[in-house]
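Trainee: Before anything else, here's the structure in question.
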Amino acid sequence: ETGVTQSPTHLIKTRGQQVTLRCSSQSGHNTVSWYQQALGQGPQFIFQYYREEENGRGNFPPRFSGLQFPNYSSELNVNALELDDSALYLCASSLALTGSLDGYTFGSGTRLTVV
Amino acid sequence: AQTVTQSQPEMSVQEAETVTLSCTYDTSESDYYLFWYKQPPSRQMILVIRQEAYKQQNATENRFSVNFQKAAKSFSLKISDSQLGDAAMYFCAYRSSNTGTASKLTFGTGTRLQVTL
């Protein structure tokens with residue numbers, strides 16, 4: 001079975017620009033969660049998608065938005081980039097809405113640098 | 001809101017020795033799940049061990065074991081017979097068992113483990 005694939009692995013954008021990050025879920029998983037991990041910090045929950053609808057959101061502004069597609073892959077979009085958006089963005093897929101106890105599979109992340 | 005605290009930014013252990021990483025958490029819930037994740041330089045979060053709060057027995061996975069103290073809200077990770085490959089960032093994480101909420105993980109700030117020869 002395939003794992004979670006994220007693209008691109010690294011990205012440099014200018015303040016004010018928009019960015020789209022992509023995530024392919026593990027085969028059979030229908031839920032995708034996105035996390036932001038700033039340097040030296042633990043990951044922070046951004047939002048979760050289940051069956052193409054947002055289900056739960058962390059403390060992030062509306063310029064962070066997402067999509068989940070019928071094949072359960074997902075995108076994270078960030079508008080009007082700020083310097084503080086520089087971070088590692090992690091995608092995690094799981095099988096069901098509540099997630100099985102060990103069902104989270106993480107990707108290797110996208111390192112976003114905003115200059 | 002739940003919080004997870006890891007008070008040890010860095011730890012060091014000699015190969016073949018034992019090390020314990022600390023984690024405390026705060027919650028008003030009675031049922032939840034706790035996890036330890038490992039994040040090597042490859043950046044991918046890898047599940048090390050998990051514990052259901054309703055289970056009194058401490059979880060064990062090969063060289064990894066936990067000391068779960070529910071009343072004290074403490075969840076430490078013990079690594080026995082440390083290996084060079086254990087060197088990584090270790091994150092403690094909490095997840096509510098409430099099926100009405102998103103199954104998000106709340107992470108601590110991590111402990112960087114170094115393994116020396």
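Residues in the structure tokens are numbered from 1 in each chain, the chains being A, B, ... in the order shown, and ligands are numbered from 1 in the order shown.
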Please check the contacts: residues of chain A at most 6 Å away from chain B, using only C-alpha atoms, listed as a PyMOL selection string.

Mentor: chain A and resi 41-42+55-56+98+106-108

Trainee: Running DSSP on the backbone, which parts of chain A land in strand (DSSP E or B), as a count of residues only?

Mentor: 57

Trainee: Write out as a short mmCIF file (atom, residue, chain, number, x, y, z; two decimals) with N, CA and C atoms, in the first residue's frame which residues come within 9 Å of Leu76 (chain A) when counting only C-alpha atoms, dropping same-chain ones fewer than 4 positions away.

Mentor:
data_model
loop_
_atom_site.label_atom_id
_atom_site.label_comp_id
_atom_site.auth_asym_id
_atom_site.auth_seq_id
_atom_site.Cartn_x
_atom_site.Cartn_y
_atom_site.Cartn_z
N VAL A 19 -0.35 30.32 -2.22
CA VAL A 19 0.34 29.04 -2.41
C VAL A 19 -0.67 27.89 -2.28
N THR A 20 -0.42 26.83 -3.04
CA THR A 20 -1.23 25.61 -2.95
C THR A 20 -0.32 24.44 -2.68
N LEU A 21 -0.62 23.71 -1.62
CA LEU A 21 0.13 22.51 -1.27
C LEU A 21 -0.77 21.31 -1.49
N ARG A 22 -0.17 20.19 -1.90
CA ARG A 22 -0.96 19.03 -2.27
C ARG A 22 -0.61 17.80 -1.45
N CYS A 23 -1.61 16.95 -1.28
CA CYS A 23 -1.44 15.75 -0.47
C CYS A 23 -2.23 14.60 -1.08
N TRP A 34 -4.58 18.60 8.10
CA TRP A 34 -3.39 19.41 7.81
C TRP A 34 -2.88 20.03 9.10
N PHE A 64 -6.46 30.58 5.21
CA PHE A 64 -6.08 29.17 5.10
C PHE A 64 -7.34 28.41 4.71
N SER A 65 -7.33 27.81 3.55
CA SER A 65 -8.49 27.06 3.10
C SER A 65 -8.03 25.75 2.47
N GLY A 66 -9.00 24.86 2.27
CA GLY A 66 -8.62 23.57 1.74
C GLY A 66 -9.69 22.96 0.86
N LEU A 67 -9.31 21.88 0.24
CA LEU A 67 -10.22 21.08 -0.58
C LEU A 67 -9.88 19.62 -0.39
#

Trainee: Which residues, written as a VMD selection string, have at least one atom at most 12 Å from Thr5 (chain A), with only C-alpha atoms counted and residues fewer than 2 positions away on the same chain left out?

Mentor: (chain A and resid 2 to 3 7 to 9 21 to 27 32 73 to 75 90 to 93 105 to 110) or (chain B and resid 44)

Trainee: Taking 4 positions as the minimum chain separation for residues in the same chain, which residues sit within 8 Å of Gln2 (chain B) when counting only C-alpha atoms? Answer as a list in words.

Mentor: Tyr25, Asp26, Thr27, Ser28, Tyr94 and Thr106 of chain B
